[in-house]
Each structure stands twice: as C-alpha cells, then as structure tokens.
Amino acid sequence: MDTFQVIVLALIQGLTEFLPISSSAHLILPAQLLGWEDQGLSFDVAVNTGSLCAVIIYFRRELWSMFIAWGGSMFKGEHNDESKLAWWIILATIPAVIVGFAAKDFISTHLRNIEVVATTTIVFGLLLWWADRLTNKGLTEFQVGWKKALIIGVAQAMALIPGTSRSGATITAALMLGLGREAAARFSFLMSVPISLGAAILVTKDLISSGEAIDFQALTLGIIVSFLAAYACIHVFLKLVSRIGMTPFVVYRLALGALLCVFIFA
C-alpha cells in the first residue's frame with residue numbers, strides 16, 4: 001500500500017470504530033470506489049491495535065480503578081461500584097466470545113459481503129433511531145446490573161455480523177434498557193477493551209501462522225493514524241452525544257446503506 005492508502009484506511013478505522021456507524025461498512029467503500037485491493041491481515045491488526053490503545057489510554061483512570069477494585073472483590077471479597085462494573089464488563093464479553101468461536105467460519109464465509117453489510121447498516125440504523133427516541137431512565141454505567149449487562153453483551157455478539165457496528169448495537173441495547181446517552185456510550189467503549197484485546201491476540205496468532213509479508217513502515221503509520229483518529233473520536237463523541245443524540249448517525253447510516261445498495265444494483 002502507498003502512504004495515501006494507509007492514511008485513508010487508518011482514518012476510516014479510527015473514526016468509525018467507536019461511532020455507531022459500522023467500520024466494516026466503511027472499509028468496503030475504498031475498494032468499491034477506488035478499486036483498492038484488500039489491505040491484508042497485518043494492516044487490520046495494526047489499525048485495530050491503534051484503536052484499542054486509544055480507548056485504553058482515554059479511559060486509563062477508569063480501567064485502572066476497575067482493575068484494582070476487581071482484584072479486591074476477587075481476592076478480598078471487597079465490592080464497590082468499580083468492581084461491580086468490572087464484573088459486568090466481563091459478563092457482557094462472554095456472549096461475543098462464544099458466538100465468535102462458534103460462528104467465526106460461517107460469518108467469514110457467508111456474511112462478509114456487501115449485501116449483508118447494506119442490510120444491517122440500514123436495519124440497525126433504524127433500531128438505533130427507535131432506541132434513541134425512547135424515554136430512558138437516565139441510568140449510569142454503575143446502575144447496569146448483571147441482567148442488563150448480559151443483554152448488552154448479546155447485542156455485542158450480534159455485531160459480529162458485518163455492518164451491524166459493535167458500538168451501534170451495544171449503545172442501542174443500552175438505550176433500550178434505560179441508560180442515558182453518555183452512559184450508554186461509556187459502557188459500550190469500556191466493553192470494547194476485553195473483546196478487542198482478545199480479537200487482536202487471535203488475529204495476531206493468525207498473522208504469525210499465515211507467513212504474510214509485513215511492511216513495518218506502513219503498519220507503524222497505520223497504528224499512529226488510527227490511534228489519533230480514534231482518541232479524538234471518543235473525546236468528541238462523549239462531549240456531544242448528550243446534546244445531539246443519535247439522529248445524525250442514524251441519517252448517516254441510512255445514507256450509507258442506500259449508497260451500498262446503489263453498488264449492489266448498479
């Protein structure tokens with residue numbers, strides 16, 4: 001890949017990973033519009049690593065507090081809001097792990113196509129619009145509870161279908177369960193850490209066994225660009241989401257889905 005292609009794809013990954021608009025849908029567009037070849041497994045690992053580092057660094061204080069509190073609850077039986085949140089995040093990760101292992105081959109073989117992405121982009125966009133219009137209770141992430149955490153975790157598992165959007169599915173479920181917009185987004189972002197870390201480890205393992213040639217200069221640039229884009233995206237989204245709501249993202253998803261349908265039927 002040339003430098004321009006690296007920057008564009010890394011920006012797409014970083015900007016769309018944490019917005020409820022589906023990164024997989026966007027990564028299809030450059031190939032469709034510009035005829036670019038697949039970027040390869042090593043680049044996917046790099047840009048996902050950049051996005052993962054962004055969310056870890058942004059929420060470093062919360063994650064550290066949760067880790068310490070979780071350790072206290074595990075070994076000393078001491079429970080507080082942070083330890084409960086940590087356990088809920090762990091619980092919410094389990095459905096995606098199970099579905100990922102059970103349906104990985106089916107998803108990669110049958111669902112990674114533009115028709116599926118166009119459909120899920122539109123359908124889950126409409127669900128997000130409906131969830132945002134509900135009168136929620138304004139619950140915080142510390143009021144989720146294990147039942148709601150498990151339901152949001154199931155939504156995260158559904159997001160393994162390309163075009164669904166992990167953040168879109170989890171935020172939609174959280175809004176339906178009564179969380180406020182910012183709390184729903186924060187819980188979704190915190191949920192991304194264990195699942196993204198696990199996925200990065202598995203994909204790195206696949207990369208090592210594949211013997212794919214690695215362009216370290218391109219990967220380094222991809223990590224940096226995706227990190228900066230993702231960090232800025234998280235910060236701006238959390239600042240604005242309570243005021244602007246989800247409607248702009250719903251409109252964008254519907255427009256994107258319509259554009260993908262044009263490619264399908266053209």
# chains A, B, ... in the order shown; residues from 1 in each chain; ligands from 1
$ residues_around --residues "stretch 153-170 of chain A" --least-positions-apart "4" --cutoff "6 Å" --atoms "only C-alpha atoms" --output "list in words"
Phe18, Pro20, Ser22, Ser24, Ala25, Ala92, Thr93, Pro95, Ala96, Val117, Thr120, Thr121 and Ser188 of chain A
$ closest_residue --among "A:Ala184, A:Ile244, A:Ile12, A:Val225" --to "A:Cys53" --atoms "only C-alpha atoms"
A:Val225
$ closest_atom_pairs --of "stretch 43-109 of chain A" --to "stretch 193-198 of chain A" --cutoff "10 Å" --atoms "only C-alpha atoms" --output "tab-separated table"
residue	atom	partner	partner_atom	distance
A:Asn48	CA	A:Ser196	CA	7.8
A:Thr49	CA	A:Leu197	CA	8.2
A:Ser51	CA	A:Ser196	CA	9.0
A:Leu52	CA	A:Ser196	CA	6.6
A:Cys53	CA	A:Val193	CA	9.0
A:Val55	CA	A:Val193	CA	7.2
A:Ile56	CA	A:Val193	CA	6.9
A:Phe59	CA	A:Val193	CA	9.9
A:Leu63	CA	A:Val193	CA	9.3
A:Ile89	CA	A:Pro194	CA	8.3
A:Ile90	CA	A:Pro194	CA	7.7
A:Ala92	CA	A:Ile195	CA	9.6
A:Thr93	CA	A:Ile195	CA	6.3
A:Ile94	CA	A:Ile195	CA	9.0
A:Ala96	CA	A:Ile195	CA	7.7
A:Val97	CA	A:Ile195	CA	7.6
$ write_last_selection --atoms "all heavy atoms" --output "compact mmCIF listing (two decimals), in the first residue's frame"
# COMPACT_ATOMS: atom_id res chain seq x y z
N ASN A 48 -6.40 -1.90 14.20
CA ASN A 48 -7.20 -2.27 15.36
C ASN A 48 -6.41 -2.07 16.65
O ASN A 48 -6.98 -1.70 17.69
CB ASN A 48 -7.65 -3.73 15.25
CG ASN A 48 -8.85 -3.90 14.35
OD1 ASN A 48 -9.88 -3.26 14.54
ND2 ASN A 48 -8.72 -4.74 13.34
N THR A 49 -5.11 -2.31 16.60
CA THR A 49 -4.26 -2.06 17.76
C THR A 49 -4.23 -0.57 18.10
O THR A 49 -4.28 -0.18 19.27
CB THR A 49 -2.83 -2.56 17.50
OG1 THR A 49 -2.86 -3.97 17.25
CG2 THR A 49 -1.92 -2.27 18.69
N SER A 51 -6.61 1.64 17.52
CA SER A 51 -7.91 1.98 18.12
C SER A 51 -8.00 1.47 19.54
O SER A 51 -8.53 2.15 20.43
CB SER A 51 -9.05 1.40 17.27
OG SER A 51 -9.04 1.92 15.97
N LEU A 52 -7.50 0.26 19.77
CA LEU A 52 -7.53 -0.33 21.12
C LEU A 52 -6.69 0.51 22.08
O LEU A 52 -7.13 0.78 23.22
CB LEU A 52 -7.01 -1.76 21.07
CG LEU A 52 -6.85 -2.48 22.41
CD1 LEU A 52 -8.18 -2.59 23.14
CD2 LEU A 52 -6.24 -3.87 22.20
N CYS A 53 -5.51 0.92 21.65
CA CYS A 53 -4.66 1.76 22.51
C CYS A 53 -5.35 3.07 22.84
O CYS A 53 -5.22 3.59 23.95
CB CYS A 53 -3.32 2.02 21.82
SG CYS A 53 -2.25 0.58 21.70
N VAL A 55 -8.64 3.73 23.20
CA VAL A 55 -9.67 3.59 24.23
C VAL A 55 -9.06 3.26 25.59
O VAL A 55 -9.54 3.73 26.63
CB VAL A 55 -10.74 2.55 23.81
CG1 VAL A 55 -10.20 1.14 23.87
CG2 VAL A 55 -12.01 2.68 24.65
N ILE A 56 -7.97 2.49 25.59
CA ILE A 56 -7.31 2.17 26.86
C ILE A 56 -6.71 3.42 27.49
O ILE A 56 -6.86 3.66 28.70
CB ILE A 56 -6.23 1.09 26.65
CG1 ILE A 56 -6.88 -0.26 26.35
CG2 ILE A 56 -5.34 0.98 27.88
CD1 ILE A 56 -5.89 -1.34 26.00
N PHE A 59 -9.51 5.95 28.72
CA PHE A 59 -10.19 5.52 29.94
C PHE A 59 -9.20 4.89 30.93
O PHE A 59 -9.60 4.04 31.74
CB PHE A 59 -11.28 4.50 29.60
CG PHE A 59 -12.46 5.09 28.89
CD1 PHE A 59 -12.63 4.89 27.53
CD2 PHE A 59 -13.40 5.84 29.57
CE1 PHE A 59 -13.72 5.42 26.86
CE2 PHE A 59 -14.49 6.39 28.91
CZ PHE A 59 -14.65 6.18 27.55
N LEU A 63 -10.24 2.38 33.92
CA LEU A 63 -9.83 0.99 33.77
C LEU A 63 -8.93 0.54 34.92
O LEU A 63 -9.05 -0.59 35.41
CB LEU A 63 -9.11 0.80 32.43
CG LEU A 63 -10.01 0.89 31.18
CD1 LEU A 63 -9.15 0.95 29.92
CD2 LEU A 63 -10.97 -0.28 31.11
N ILE A 89 -18.71 -5.89 32.87
CA ILE A 89 -17.99 -5.84 31.59
C ILE A 89 -17.53 -7.25 31.20
O ILE A 89 -17.64 -7.65 30.03
CB ILE A 89 -16.78 -4.89 31.68
CG1 ILE A 89 -17.23 -3.44 31.89
CG2 ILE A 89 -15.91 -5.01 30.43
CD1 ILE A 89 -17.99 -2.85 30.74
N ILE A 90 -17.01 -7.99 32.17
CA ILE A 90 -16.57 -9.36 31.90
C ILE A 90 -17.75 -10.22 31.45
O ILE A 90 -17.67 -10.97 30.46
CB ILE A 90 -15.92 -9.97 33.16
CG1 ILE A 90 -14.61 -9.25 33.47
CG2 ILE A 90 -15.67 -11.48 32.97
CD1 ILE A 90 -14.00 -9.63 34.80
N ALA A 92 -20.53 -9.21 30.08
CA ALA A 92 -21.01 -8.74 28.78
C ALA A 92 -20.12 -9.21 27.63
O ALA A 92 -20.55 -9.22 26.47
CB ALA A 92 -21.10 -7.22 28.77
N THR A 93 -18.90 -9.62 27.94
CA THR A 93 -17.97 -10.07 26.91
C THR A 93 -18.22 -11.52 26.51
O THR A 93 -17.93 -11.93 25.38
CB THR A 93 -16.52 -9.92 27.42
OG1 THR A 93 -16.28 -8.55 27.79
CG2 THR A 93 -15.51 -10.32 26.36
N ILE A 94 -18.80 -12.30 27.41
CA ILE A 94 -18.93 -13.75 27.20
C ILE A 94 -19.75 -14.10 25.96
O ILE A 94 -19.33 -14.98 25.17
CB ILE A 94 -19.52 -14.41 28.46
CG1 ILE A 94 -18.52 -14.29 29.63
CG2 ILE A 94 -19.87 -15.87 28.20
CD1 ILE A 94 -19.05 -14.79 30.95
N ALA A 96 -20.16 -12.63 23.07
CA ALA A 96 -19.40 -12.42 21.83
C ALA A 96 -18.28 -13.45 21.68
O ALA A 96 -17.97 -13.88 20.57
CB ALA A 96 -18.82 -11.01 21.80
N VAL A 97 -17.68 -13.84 22.80
CA VAL A 97 -16.63 -14.86 22.76
C VAL A 97 -17.21 -16.19 22.28
O VAL A 97 -16.64 -16.86 21.40
CB VAL A 97 -15.97 -15.03 24.14
CG1 VAL A 97 -15.02 -16.22 24.13
CG2 VAL A 97 -15.23 -13.76 24.53
$ closest_residue --among "A:Ala102, A:Met191, A:Leu27, A:Ile234" --to "A:Leu256" --atoms "only C-alpha atoms"
A:Leu27
$ atom_distance --atom1 "atom CA of A:Thr3" --atom2 "atom CA of A:Ala199"
26.0 Å
$ decode --residues "stretch 218-230 of chain A" --atoms "N, CA, C and O atoms" --output "PDB file, in the first residue's frame"
ATOM      1  N   ALA A 218       4.486   0.909   6.895  1.00  0.00           N
ATOM      2  CA  ALA A 218       3.051   1.133   6.689  1.00  0.00           C
ATOM      3  C   ALA A 218       2.267   0.820   7.956  1.00  0.00           C
ATOM      4  O   ALA A 218       1.331   1.544   8.319  1.00  0.00           O
ATOM      5  N   LEU A 219       2.656  -0.247   8.657  1.00  0.00           N
ATOM      6  CA  LEU A 219       1.942  -0.630   9.874  1.00  0.00           C
ATOM      7  C   LEU A 219       2.114   0.406  10.967  1.00  0.00           C
ATOM      8  O   LEU A 219       1.171   0.729  11.686  1.00  0.00           O
ATOM      9  N   THR A 220       3.323   0.934  11.104  1.00  0.00           N
ATOM     10  CA  THR A 220       3.573   1.958  12.118  1.00  0.00           C
ATOM     11  C   THR A 220       2.733   3.194  11.855  1.00  0.00           C
ATOM     12  O   THR A 220       2.116   3.765  12.766  1.00  0.00           O
ATOM     13  N   LEU A 221       2.697   3.627  10.602  1.00  0.00           N
ATOM     14  CA  LEU A 221       1.883   4.783  10.236  1.00  0.00           C
ATOM     15  C   LEU A 221       0.410   4.497  10.481  1.00  0.00           C
ATOM     16  O   LEU A 221      -0.330   5.353  10.991  1.00  0.00           O
ATOM     17  N   GLY A 222      -0.045   3.287  10.149  1.00  0.00           N
ATOM     18  CA  GLY A 222      -1.442   2.917  10.366  1.00  0.00           C
ATOM     19  C   GLY A 222      -1.814   2.949  11.835  1.00  0.00           C
ATOM     20  O   GLY A 222      -2.896   3.420  12.199  1.00  0.00           O
ATOM     21  N   ILE A 223      -0.933   2.446  12.702  1.00  0.00           N
ATOM     22  CA  ILE A 223      -1.190   2.451  14.145  1.00  0.00           C
ATOM     23  C   ILE A 223      -1.317   3.885  14.658  1.00  0.00           C
ATOM     24  O   ILE A 223      -2.243   4.213  15.411  1.00  0.00           O
ATOM     25  N   ILE A 224      -0.405   4.744  14.254  1.00  0.00           N
ATOM     26  CA  ILE A 224      -0.399   6.133  14.728  1.00  0.00           C
ATOM     27  C   ILE A 224      -1.658   6.867  14.280  1.00  0.00           C
ATOM     28  O   ILE A 224      -2.333   7.544  15.072  1.00  0.00           O
ATOM     29  N   VAL A 225      -1.988   6.750  12.997  1.00  0.00           N
ATOM     30  CA  VAL A 225      -3.152   7.469  12.461  1.00  0.00           C
ATOM     31  C   VAL A 225      -4.445   6.953  13.084  1.00  0.00           C
ATOM     32  O   VAL A 225      -5.316   7.743  13.480  1.00  0.00           O
ATOM     33  N   SER A 226      -4.606   5.635  13.191  1.00  0.00           N
ATOM     34  CA  SER A 226      -5.836   5.091  13.769  1.00  0.00           C
ATOM     35  C   SER A 226      -5.951   5.450  15.243  1.00  0.00           C
ATOM     36  O   SER A 226      -7.052   5.711  15.746  1.00  0.00           O
ATOM     37  N   PHE A 227      -4.813   5.480  15.960  1.00  0.00           N
ATOM     38  CA  PHE A 227      -4.828   5.876  17.371  1.00  0.00           C
ATOM     39  C   PHE A 227      -5.310   7.319  17.525  1.00  0.00           C
ATOM     40  O   PHE A 227      -6.214   7.600  18.333  1.00  0.00           O
ATOM     41  N   LEU A 228      -4.731   8.229  16.776  1.00  0.00           N
ATOM     42  CA  LEU A 228      -5.096   9.649  16.885  1.00  0.00           C
ATOM     43  C   LEU A 228      -6.557   9.867  16.501  1.00  0.00           C
ATOM     44  O   LEU A 228      -7.291  10.612  17.166  1.00  0.00           O
ATOM     45  N   ALA A 229      -6.992   9.210  15.420  1.00  0.00           N
ATOM     46  CA  ALA A 229      -8.367   9.378  14.964  1.00  0.00           C
ATOM     47  C   ALA A 229      -9.355   8.814  15.983  1.00  0.00           C
ATOM     48  O   ALA A 229     -10.381   9.435  16.287  1.00  0.00           O
ATOM     49  N   ALA A 230      -9.055   7.642  16.527  1.00  0.00           N
ATOM     50  CA  ALA A 230      -9.953   7.011  17.497  1.00  0.00           C
ATOM     51  C   ALA A 230     -10.020   7.810  18.791  1.00  0.00           C
ATOM     52  O   ALA A 230     -11.105   7.985  19.368  1.00  0.00           O
TER      53      ALA A 230
END
